[in-house]
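Asker: protein-v3.cif is the file, holding mmCIF, C-alpha atoms and all ligand atoms:
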data_coords
loop_
_atom_site.label_atom_id
_atom_site.label_comp_id
_atom_site.auth_asym_id
_atom_site.auth_seq_id
_atom_site.Cartn_x
_atom_site.Cartn_y
_atom_site.Cartn_z
CA MET A 1 22.67 19.96 -0.22
CA PRO A 2 23.18 16.24 0.51
CA GLN A 3 26.70 15.57 1.76
CA PRO A 4 28.82 13.16 -0.34
CA LEU A 5 28.97 9.73 1.30
CA PRO A 6 32.27 8.76 2.93
CA SER A 7 34.01 6.12 0.80
CA SER A 8 33.69 3.62 3.67
CA ALA A 9 29.86 4.02 3.80
CA PRO A 10 28.11 0.66 3.34
CA LYS A 11 26.20 0.28 0.09
CA ALA A 12 23.84 -2.38 -1.19
CA CYS A 13 21.72 -2.72 -4.32
CA ILE A 14 18.88 -4.55 -6.03
CA ILE A 15 20.25 -6.84 -8.75
CA GLY A 16 17.76 -7.74 -11.45
CA PHE A 17 17.13 -7.75 -15.17
CA PRO A 18 15.30 -5.42 -15.37
CA ALA A 19 15.87 -3.69 -12.02
CA ARG A 20 14.73 -0.09 -12.60
CA HIS A 21 11.07 -0.82 -11.78
CA SER A 22 12.00 -2.05 -8.30
CA ARG A 23 10.72 -0.19 -5.23
CA SER A 24 13.51 -1.61 -3.04
CA PRO A 25 15.73 1.52 -3.29
CA LEU A 26 12.80 3.67 -2.15
CA ILE A 27 12.26 1.43 0.89
CA HIS A 28 15.91 1.20 1.96
CA ARG A 29 16.62 4.89 1.34
CA PHE A 30 13.58 5.75 3.49
CA TRP A 31 15.09 3.76 6.38
CA LEU A 32 18.60 5.16 5.79
CA ARG A 33 17.18 8.72 5.98
CA GLN A 34 14.97 7.90 8.95
CA HIS A 35 17.91 6.62 10.98
CA ALA A 36 20.50 9.08 9.60
CA ILE A 37 22.72 6.19 8.46
CA ALA A 38 25.50 7.11 6.02
CA GLY A 39 24.93 4.39 3.43
CA ASP A 40 23.31 3.87 0.06
CA TYR A 41 21.11 1.42 -1.81
CA GLY A 42 20.94 1.53 -5.60
CA PHE A 43 19.95 -0.32 -8.75
CA ALA A 44 22.13 -2.86 -10.57
CA GLU A 45 20.68 -3.96 -13.89
CA VAL A 46 22.70 -7.10 -14.64
CA SER A 47 22.04 -9.58 -17.47
CA PRO A 48 22.06 -13.34 -16.77
CA ASP A 49 25.41 -13.62 -18.61
CA ASP A 50 27.00 -10.96 -16.42
CA PHE A 51 25.40 -12.07 -13.14
CA PRO A 52 28.06 -14.56 -11.90
CA GLY A 53 30.85 -12.02 -12.51
CA PHE A 54 28.87 -9.27 -10.80
CA ILE A 55 28.41 -11.47 -7.72
CA ARG A 56 32.07 -12.51 -7.71
CA ASP A 57 33.09 -8.84 -7.65
CA LEU A 58 30.38 -7.67 -5.24
CA ALA A 59 32.67 -7.10 -2.24
CA SER A 60 35.57 -5.66 -4.25
CA ASN A 61 33.11 -3.19 -5.78
CA GLY A 62 32.27 -1.96 -2.29
CA TYR A 63 28.95 -3.69 -1.68
CA VAL A 64 28.05 -5.13 1.72
CA GLY A 65 25.36 -7.19 0.02
CA GLY A 66 22.17 -6.76 -1.92
CA ASN A 67 18.82 -8.06 -3.00
CA VAL A 68 18.34 -10.36 -5.96
CA THR A 69 15.23 -10.38 -8.11
CA VAL A 70 13.94 -11.88 -11.36
CA PRO A 71 15.52 -13.73 -13.12
CA HIS A 72 18.50 -14.33 -10.81
CA LYS A 73 17.12 -15.86 -7.59
CA GLU A 74 17.91 -19.50 -8.43
CA THR A 75 21.33 -18.68 -9.95
CA ALA A 76 22.20 -16.70 -6.81
CA PHE A 77 21.38 -19.72 -4.68
CA GLY A 78 24.00 -21.68 -6.60
CA LEU A 79 26.65 -18.97 -6.08
CA VAL A 80 26.49 -18.39 -2.30
CA HIS A 81 28.89 -20.09 0.10
CA ASP A 82 26.12 -20.78 2.58
CA ALA A 83 22.37 -20.30 2.72
CA THR A 84 19.69 -20.28 5.41
CA ALA A 85 17.40 -23.30 5.82
CA THR A 86 14.62 -21.24 4.21
CA ALA A 87 16.69 -20.48 1.12
CA ARG A 88 17.70 -24.13 0.85
CA ALA A 89 14.07 -25.26 1.01
CA LEU A 90 13.20 -22.85 -1.81
CA GLY A 91 16.36 -23.27 -3.88
CA ALA A 92 16.30 -19.49 -4.32
CA VAL A 93 17.91 -16.47 -2.69
CA ASN A 94 16.72 -12.86 -2.60
CA THR A 95 19.11 -11.40 0.00
CA LEU A 96 22.93 -11.51 0.00
CA TRP A 97 25.39 -10.42 2.68
CA PHE A 98 28.89 -11.30 3.86
CA GLU A 99 30.01 -13.11 7.01
CA ASP A 100 33.77 -13.42 7.55
CA GLY A 101 34.26 -12.79 3.85
CA ARG A 102 31.86 -15.56 2.84
CA LEU A 103 28.81 -14.78 0.69
CA MET A 104 25.59 -15.74 2.48
CA GLY A 105 22.06 -16.05 1.10
CA ASP A 106 18.56 -15.95 2.56
CA ASN A 107 15.08 -15.88 1.09
CA THR A 108 13.20 -13.20 3.02
CA ASP A 109 10.03 -13.48 0.91
CA VAL A 110 8.90 -16.14 3.40
CA ALA A 111 9.41 -13.98 6.49
CA GLY A 112 7.94 -11.02 4.59
CA PHE A 113 4.76 -12.90 3.73
CA LEU A 114 4.31 -14.17 7.30
CA ALA A 115 5.10 -10.81 8.90
CA SER A 116 2.60 -9.09 6.64
CA LEU A 117 -0.18 -11.50 7.69
CA ASP A 118 0.86 -11.21 11.36
CA ALA A 119 0.67 -7.41 11.14
CA ASP A 120 -2.57 -7.10 9.18
CA ALA A 121 -4.50 -10.22 10.29
CA PRO A 122 -3.19 -11.14 13.75
CA GLY A 123 -4.05 -14.70 14.81
CA TRP A 124 -4.56 -15.82 11.21
CA ASP A 125 -2.43 -18.96 11.64
CA VAL A 126 -4.48 -20.56 14.40
CA ARG A 127 -7.55 -20.07 12.22
CA THR A 128 -6.01 -21.68 9.14
CA PRO A 129 -6.23 -25.47 8.94
CA THR A 130 -6.61 -25.39 5.15
CA ALA A 131 -5.07 -22.97 2.65
CA THR A 132 -5.51 -22.68 -1.09
CA VAL A 133 -2.61 -21.12 -2.98
CA LEU A 134 -3.12 -19.91 -6.55
CA GLY A 135 0.01 -20.28 -8.70
CA ALA A 136 3.06 -22.53 -8.62
CA GLY A 137 6.00 -20.21 -9.42
CA GLY A 138 8.70 -18.76 -7.21
CA ALA A 139 6.31 -16.64 -5.17
CA ALA A 140 4.07 -19.67 -4.53
CA ARG A 141 7.12 -21.56 -3.25
CA ALA A 142 7.79 -18.88 -0.64
CA VAL A 143 4.13 -18.70 0.40
CA VAL A 144 3.64 -22.49 0.65
CA TYR A 145 6.85 -22.91 2.65
CA GLY A 146 5.81 -20.11 5.02
CA LEU A 147 2.38 -21.64 5.56
CA LEU A 148 3.88 -25.06 6.27
CA ALA A 149 6.48 -23.59 8.62
CA ARG A 150 3.61 -21.98 10.56
CA GLY A 151 1.82 -25.32 10.89
CA VAL A 152 -0.92 -25.16 8.24
CA GLU A 153 -2.13 -28.76 7.88
CA ARG A 154 -3.63 -28.87 4.36
CA ILE A 155 -2.54 -26.91 1.32
CA HIS A 156 -4.03 -27.02 -2.16
CA ILE A 157 -1.76 -25.58 -4.83
CA VAL A 158 -3.94 -24.59 -7.79
CA ASN A 159 -2.26 -23.72 -11.06
CA ARG A 160 -2.98 -23.32 -14.78
CA THR A 161 -0.22 -25.83 -15.51
CA LEU A 162 -1.18 -28.83 -13.39
CA ALA A 163 2.26 -30.48 -13.57
CA ARG A 164 3.93 -27.45 -11.91
CA ALA A 165 1.41 -27.56 -9.05
CA GLN A 166 1.98 -31.27 -8.60
CA ALA A 167 5.77 -30.89 -8.64
CA LEU A 168 5.59 -28.21 -5.95
CA ALA A 169 3.24 -30.32 -3.83
CA GLU A 170 5.62 -33.27 -4.09
CA HIS A 171 8.66 -31.14 -3.20
CA PHE A 172 7.04 -29.82 -0.03
CA GLY A 173 5.42 -33.17 0.78
CA GLN A 174 8.95 -34.57 1.15
CA LEU A 175 10.04 -31.67 3.35
CA PHE A 176 6.92 -31.86 5.55
CA PRO A 177 5.88 -35.50 5.83
CA GLY A 178 2.45 -35.94 7.39
CA ARG A 179 0.98 -32.73 5.96
CA GLN A 180 -1.60 -32.87 3.20
CA ILE A 181 -0.26 -30.98 0.19
CA ALA A 182 -1.86 -31.50 -3.22
CA GLY A 183 -1.57 -29.95 -6.67
CA ALA A 184 -4.67 -29.19 -8.74
CA GLY A 185 -5.74 -27.47 -11.97
CA TRP A 186 -7.98 -24.38 -12.13
CA ASP A 187 -11.07 -26.50 -12.75
CA ALA A 188 -10.76 -27.91 -9.20
CA LEU A 189 -10.94 -24.47 -7.57
CA PRO A 190 -14.74 -24.11 -7.11
CA GLY A 191 -14.78 -27.42 -5.23
CA LEU A 192 -11.92 -26.30 -2.92
CA LEU A 193 -13.12 -22.81 -1.94
CA PRO A 194 -15.89 -23.81 0.56
CA ALA A 195 -13.31 -25.54 2.78
CA SER A 196 -10.49 -22.95 2.42
CA SER A 197 -9.72 -20.87 5.53
CA LEU A 198 -7.11 -18.89 3.60
CA LEU A 199 -6.87 -18.03 -0.10
CA VAL A 200 -3.59 -16.59 -1.43
CA ASN A 201 -3.06 -15.36 -4.99
CA THR A 202 0.61 -15.65 -5.98
CA THR A 203 0.09 -15.23 -9.74
CA SER A 204 0.43 -11.90 -11.53
CA MET A 205 -3.25 -11.98 -12.46
CA GLY A 206 -5.16 -8.96 -11.20
CA MET A 207 -2.07 -6.75 -11.60
CA HIS A 208 -2.56 -3.60 -13.72
CA GLY A 209 -2.41 -4.62 -17.37
CA GLN A 210 -2.83 -8.34 -16.63
CA PRO A 211 -5.98 -10.46 -16.93
CA THR A 212 -8.28 -10.49 -13.91
CA LEU A 213 -8.51 -13.65 -11.80
CA ASP A 214 -11.72 -15.55 -12.40
CA VAL A 215 -12.31 -16.44 -8.73
CA ASP A 216 -15.62 -15.84 -6.97
CA PRO A 217 -15.11 -15.45 -3.20
CA GLU A 218 -18.86 -16.02 -2.57
CA THR A 219 -18.40 -19.67 -1.62
CA LEU A 220 -15.46 -19.17 0.78
CA PRO A 221 -16.30 -19.63 4.50
CA GLU A 222 -17.35 -16.33 6.09
CA THR A 223 -14.30 -16.52 8.41
CA ALA A 224 -11.88 -16.90 5.48
CA LEU A 225 -8.92 -14.58 4.92
CA VAL A 226 -8.07 -13.58 1.34
CA THR A 227 -4.59 -12.28 0.45
CA ASP A 228 -2.88 -11.26 -2.75
CA ILE A 229 0.81 -10.72 -3.41
CA VAL A 230 -0.05 -8.23 -6.17
CA TYR A 231 0.17 -4.61 -4.92
CA VAL A 232 -0.49 -2.62 -8.10
CA PRO A 233 -3.36 -1.88 -7.65
CA LEU A 234 -3.27 -1.86 -3.84
CA GLU A 235 -6.67 -3.52 -3.83
CA THR A 236 -6.93 -6.10 -6.61
CA PRO A 237 -10.33 -7.11 -8.05
CA LEU A 238 -10.05 -10.35 -6.00
CA LEU A 239 -9.53 -8.41 -2.75
CA ALA A 240 -12.30 -5.94 -3.60
CA ALA A 241 -14.78 -8.78 -4.21
CA ALA A 242 -13.73 -10.49 -0.96
CA ARG A 243 -14.06 -7.25 1.03
CA GLN A 244 -17.49 -6.55 -0.46
CA ARG A 245 -18.51 -9.98 0.79
CA GLY A 246 -17.33 -9.03 4.27
CA LEU A 247 -14.21 -11.24 4.30
CA ARG A 248 -10.90 -10.18 5.84
CA THR A 249 -8.31 -9.20 3.24
CA VAL A 250 -4.56 -8.44 3.20
CA GLY A 251 -2.93 -6.71 0.19
CA GLY A 252 0.50 -7.43 -1.24
CA LEU A 253 2.40 -4.26 -0.34
CA GLY A 254 3.01 -5.40 3.25
CA MET A 255 4.93 -8.44 2.01
CA LEU A 256 7.20 -6.24 -0.14
CA LEU A 257 7.95 -3.92 2.80
CA HIS A 258 8.47 -6.69 5.37
CA GLN A 259 10.76 -8.78 3.12
CA ALA A 260 13.12 -5.80 2.93
CA ALA A 261 13.73 -5.47 6.68
CA PRO A 262 16.05 -8.48 7.29
CA GLY A 263 18.45 -7.36 4.55
CA PHE A 264 18.60 -3.82 5.92
CA ALA A 265 19.38 -5.23 9.37
CA ARG A 266 22.30 -7.28 8.01
CA TRP A 267 23.83 -4.51 5.89
CA PHE A 268 23.25 -1.45 8.04
CA GLY A 269 23.24 -2.92 11.55
CA MET A 270 19.75 -2.12 12.83
CA THR A 271 16.32 -3.65 12.37
CA PRO A 272 13.97 -1.12 10.75
CA VAL A 273 10.24 -0.84 11.38
CA VAL A 274 7.58 -1.13 8.67
CA SER A 275 5.67 2.04 9.58
CA ARG A 276 2.62 3.78 8.18
CA ALA A 277 4.94 6.57 6.96
CA LEU A 278 6.97 4.07 4.90
CA TYR A 279 3.79 2.51 3.52
CA ASP A 280 2.49 5.96 2.48
CA ASP A 281 5.85 6.87 0.90
CA VAL A 282 5.83 3.76 -1.30
CA VAL A 283 2.14 4.12 -2.16
CA ALA A 284 2.84 7.68 -3.39
CA ASP A 285 5.32 6.19 -5.88
CA LEU A 286 3.09 3.38 -7.24
P1 LIG B 301 6.80 -15.80 -9.79
O1 LIG B 301 8.22 -16.14 -9.50
O2 LIG B 301 6.48 -14.35 -9.66
O3 LIG B 301 5.83 -16.65 -9.02
P2 LIG B 301 6.54 -17.39 -12.21
O4 LIG B 301 7.49 -18.40 -11.72
O5 LIG B 301 6.65 -16.92 -13.62
O6 LIG B 301 6.60 -16.03 -11.36
O7 LIG B 301 5.05 -17.91 -11.93
C1 LIG B 301 3.92 -17.22 -12.37
C2 LIG B 301 2.68 -17.96 -11.89
O8 LIG B 301 1.52 -17.25 -12.34
C3 LIG B 301 2.55 -19.37 -12.44
O9 LIG B 301 1.87 -20.16 -11.51
C4 LIG B 301 1.70 -19.14 -13.70
O10 LIG B 301 1.00 -20.29 -14.13
P3 LIG B 301 1.72 -21.38 -15.08
O11 LIG B 301 2.63 -22.19 -14.19
O12 LIG B 301 0.61 -22.19 -15.65
O13 LIG B 301 2.49 -20.60 -16.12
C5 LIG B 301 0.73 -18.10 -13.18
N1 LIG B 301 0.13 -17.27 -14.26
C6 LIG B 301 0.69 -16.21 -14.86
N2 LIG B 301 -0.16 -15.71 -15.81
C7 LIG B 301 -1.27 -16.50 -15.79
C8 LIG B 301 -2.50 -16.50 -16.51
N3 LIG B 301 -2.77 -15.58 -17.46
N4 LIG B 301 -3.41 -17.47 -16.21
C9 LIG B 301 -3.16 -18.39 -15.25
N5 LIG B 301 -2.02 -18.43 -14.52
C10 LIG B 301 -1.08 -17.49 -14.79
#
How would this structure read if it were set down as structure tokens?

Answerer:
Amino acid sequence: MPQPLPSSAPKACIIGFPARHSRSPLIHRFWLRQHAIAGDYGFAEVSPDDFPGFIRDLASNGYVGGNVTVPHKETAFGLVHDATATARALGAVNTLWFEDGRLMGDNTDVAGFLASLDADAPGWDVRTPTATVLGAGGAARAVVYGLLARGVERIHIVNRTLARAQALAEHFGQLFPGRQIAGAGWDALPGLLPASSLLVNTTSMGMHGQPTLDVDPETLPETALVTDIVYVPLETPLLAAARQRGLRTVGGLGMLLHQAAPGFARWFGMTPVVSRALYDDVVADL
């Protein structure tokens, strides 16, 4: 029989609308069990209208912090007392915690994306002068910022809605003067692939139930790395085509697992490891 938690046990939660589909509780509860920490991590399904009040009462309701997901990441950024440089560059927050009673915010999607590439494709950054990023939403923001922070020189942001790609390119062009960052429409993609050392899909295309990406990895350089932030299925049609061509690939589940670790460290006081056992546990639930 599980013992009831002491009332002082730290608890955190995933705040979204919806939130029930999230795998974050599975990840954090795995680490809590692994390290025998008396704490909890749950779901908080909170509508946009209720979100500011929920955040205001976070500490008085016993939370040491939490994760924030769709559609609240930008609103959360506006509600924190202070944010990391990464969160400020993205204008969005996915991790909340308290320091001296002040609500702090970070965006760990960036560190999660980079850690996942470091783990599964070590040395990728020195081999990446030019990256092509598909999509221009919130996930693309995190990916583009991470690539720029790691020193990638040229980034093409390719998106169905050209204006969104251009706006993102301009935003990051101001933050990273001297880098080449350009927005483009889908029709430009075939011309960009032969010179792309890294291709990242940040759109939901290729996810179960969504249309498949119409991207042919045949013309990518043979040293190219192809990554996808989609993790259902674990190997998207894009990754399968790239692998069949002999290219290196990295799936999206690693990013989800790695983005969780910094929050756990802040709430529960120790940095957890993204292990094979955790990966297998989450895969069993997909
Ligand atoms: P997220 O925060 O997960 O990135 P988002 O902000 O809604 O979500 O962005 C979704 C991205 O996927 C966008 O780049 C979107 O393209 P548009 O800006 O043109 O809307 C892209 N996307 C989603 N479905 C798509 C589809 N069927 N075809 C092409 N692009 C698609």

Asker: As a quick test: using only C-alpha atoms and all ligand atoms, which residues lie no more than 10 Å away from ligand LIG 301 (chain B)? Give them as a ChimeraX atom specification.

Answerer: /A:69-71,73,133-143,157-165,185-186,201-206,210-214,229-230

Asker: Pick from A:Pro129, A:Gly254, A:Pro194, A:Gly78: nearest to Val273 in chain A, with all atoms listed in the file counted?

Answerer: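 For Val273 in chain A, the nearest of the candidates is A:Gly254.
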
Asker: Could you state the separation of CA of Asp82 in chain A and CA of Gly269 in chain A in Å, given to one decimal place?

Answerer: 20.2 Å

Asker: Using 5 Å of padding on each side, determine the axis-aligned box around all atoms of range 67-76 of chain A present in the file and give its centre and edge lengths in Å to one decimal, as lines of an AutoDock Vina configuration file.

Answerer:
center_x = 18.1
center_y = -13.8
center_z = -8.1
size_x = 18.3
size_y = 21.4
size_z = 20.1

Asker: Separation of CA of Thr132 in chain A and CA of His156 in chain A, in Å?

Answerer: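 Between CA of Thr132 in chain A and CA of His156 in chain A the gap works out to 4.7 Å.
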
Asker: I'd like the contact shell of range 104-114 of chain A - 6 Å cut-off, only C-alpha atoms, skipping same-chain residues fewer than 4 positions apart - returned as a list in words.

Answerer: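 Within the cut-off, the hits are Val80, His81, Asp82, Ala83, Thr84, Ala87, Val93, Asn94, Thr95, Leu96, Trp97, Phe98, Ala142, Gly146, Met255, His258 and Gln259 of chain A.
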
Asker: Which neighbours of Leu247 in chain A fall inside 9 Å, counting only C-alpha atoms, when residues of the same chain fewer than 2 positions from it are skipped, and could you give them as number ranges by chain?

Answerer: A: 217, 220-226, 239, 241-245, 249

Asker: Would you work out the distance separating CA of Gly62 in chain A from CA of Pro25 in chain A, expressed in Å to one decimal?

Answerer: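 Between CA of Gly62 in chain A and CA of Pro25 in chain A the gap works out to 16.9 Å.
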
Asker: When you count all atoms listed in the file, which of these residues is closest to Ala115 in chain A: A:Val152, A:Leu147, A:Ala36, A:Ala9?

Answerer: A:Leu147

Asker: Closest to His171 in chain A among A:Gly183, A:Gly263, A:Gly39, A:Gly151, using all atoms listed in the file?

Answerer: A:Gly183

Asker: Counting only C-alpha atoms, what is within 8 Å of Tyr63 in chain A, bar same-chain residues fewer than 5 positions away, as JSON, numbers by chain?

Answerer: {"A": [10, 11, 12, 13, 58]}

Asker: Select, from A:Ser275, A:Thr219, A:Ser22, A:Thr236, the residue with the minimum atom-to-atom distance to Met207 in chain A, counting only C-alpha atoms.

Answerer: A:Thr236

Asker: At a cut-off of 10 Å from (20.4, -25.2, -7.6) in the coordinates of the file, what residues are picked up using all atoms listed in the file, written as a ChimeraX atom specification?

Answerer: /A:73-79,88,90-92

Asker: A:Leu286, A:Ala89, A:Val200, A:Ala59: which is nearest Val232 in chain A, counting only C-alpha atoms?

Answerer: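 When distances to Val232 in chain A are compared using only C-alpha atoms, the smallest one comes from A:Leu286.
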
Asker: Write out as an MDAnalysis selection string the residues lying within 9 Å of Leu257 in chain A, counting only C-alpha atoms and excluding same-chain residues fewer than 4 positions away.

Answerer: chainID A and resid 24 27 112 116 253 261 274 278:279 282

Asker: With distances taken over all atoms listed in the file, which of A:Leu234, A:Ile15, A:Ala38, A:Leu117 is nearest to Asp280 in chain A?

Answerer: A:Leu234

Asker: What would range 264-275 of chain A look like with N, CA and C atoms restored, written as a PDB file, in the coordinates of the input?

Answerer:
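Once everything was written out, this is result-v4.pdb:
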ATOM      1  N   PHE A 264      18.143  -5.100   5.354  1.00  0.00           N
ATOM      2  CA  PHE A 264      18.600  -3.820   5.920  1.00  0.00           C
ATOM      3  C   PHE A 264      19.333  -4.053   7.236  1.00  0.00           C
ATOM      4  N   ALA A 265      18.769  -4.946   8.072  1.00  0.00           N
ATOM      5  CA  ALA A 265      19.380  -5.230   9.370  1.00  0.00           C
ATOM      6  C   ALA A 265      20.789  -5.791   9.183  1.00  0.00           C
ATOM      7  N   ARG A 266      20.977  -6.662   8.214  1.00  0.00           N
ATOM      8  CA  ARG A 266      22.300  -7.280   8.010  1.00  0.00           C
ATOM      9  C   ARG A 266      23.301  -6.290   7.446  1.00  0.00           C
ATOM     10  N   TRP A 267      22.875  -5.426   6.538  1.00  0.00           N
ATOM     11  CA  TRP A 267      23.830  -4.510   5.890  1.00  0.00           C
ATOM     12  C   TRP A 267      24.139  -3.301   6.751  1.00  0.00           C
ATOM     13  N   PHE A 268      23.101  -2.761   7.406  1.00  0.00           N
ATOM     14  CA  PHE A 268      23.250  -1.450   8.040  1.00  0.00           C
ATOM     15  C   PHE A 268      23.181  -1.515   9.562  1.00  0.00           C
ATOM     16  N   GLY A 269      23.022  -2.737  10.121  1.00  0.00           N
ATOM     17  CA  GLY A 269      23.240  -2.920  11.550  1.00  0.00           C
ATOM     18  C   GLY A 269      22.090  -2.578  12.465  1.00  0.00           C
ATOM     19  N   MET A 270      20.906  -2.313  11.939  1.00  0.00           N
ATOM     20  CA  MET A 270      19.750  -2.120  12.830  1.00  0.00           C
ATOM     21  C   MET A 270      18.475  -2.582  12.125  1.00  0.00           C
ATOM     22  N   THR A 271      17.558  -3.117  12.934  1.00  0.00           N
ATOM     23  CA  THR A 271      16.320  -3.650  12.370  1.00  0.00           C
ATOM     24  C   THR A 271      15.308  -2.518  12.204  1.00  0.00           C
ATOM     25  N   PRO A 272      14.898  -2.235  10.973  1.00  0.00           N
ATOM     26  CA  PRO A 272      13.970  -1.120  10.750  1.00  0.00           C
ATOM     27  C   PRO A 272      12.517  -1.546  10.959  1.00  0.00           C
ATOM     28  N   VAL A 273      11.664  -0.562  11.134  1.00  0.00           N
ATOM     29  CA  VAL A 273      10.240  -0.840  11.380  1.00  0.00           C
ATOM     30  C   VAL A 273       9.447  -0.532  10.103  1.00  0.00           C
ATOM     31  N   VAL A 274       8.493  -1.398   9.792  1.00  0.00           N
ATOM     32  CA  VAL A 274       7.580  -1.130   8.670  1.00  0.00           C
ATOM     33  C   VAL A 274       6.457  -0.243   9.221  1.00  0.00           C
ATOM     34  N   SER A 275       6.597   1.062   8.979  1.00  0.00           N
ATOM     35  CA  SER A 275       5.670   2.040   9.580  1.00  0.00           C
ATOM     36  C   SER A 275       4.641   2.496   8.555  1.00  0.00           C
TER      37      SER A 275
END
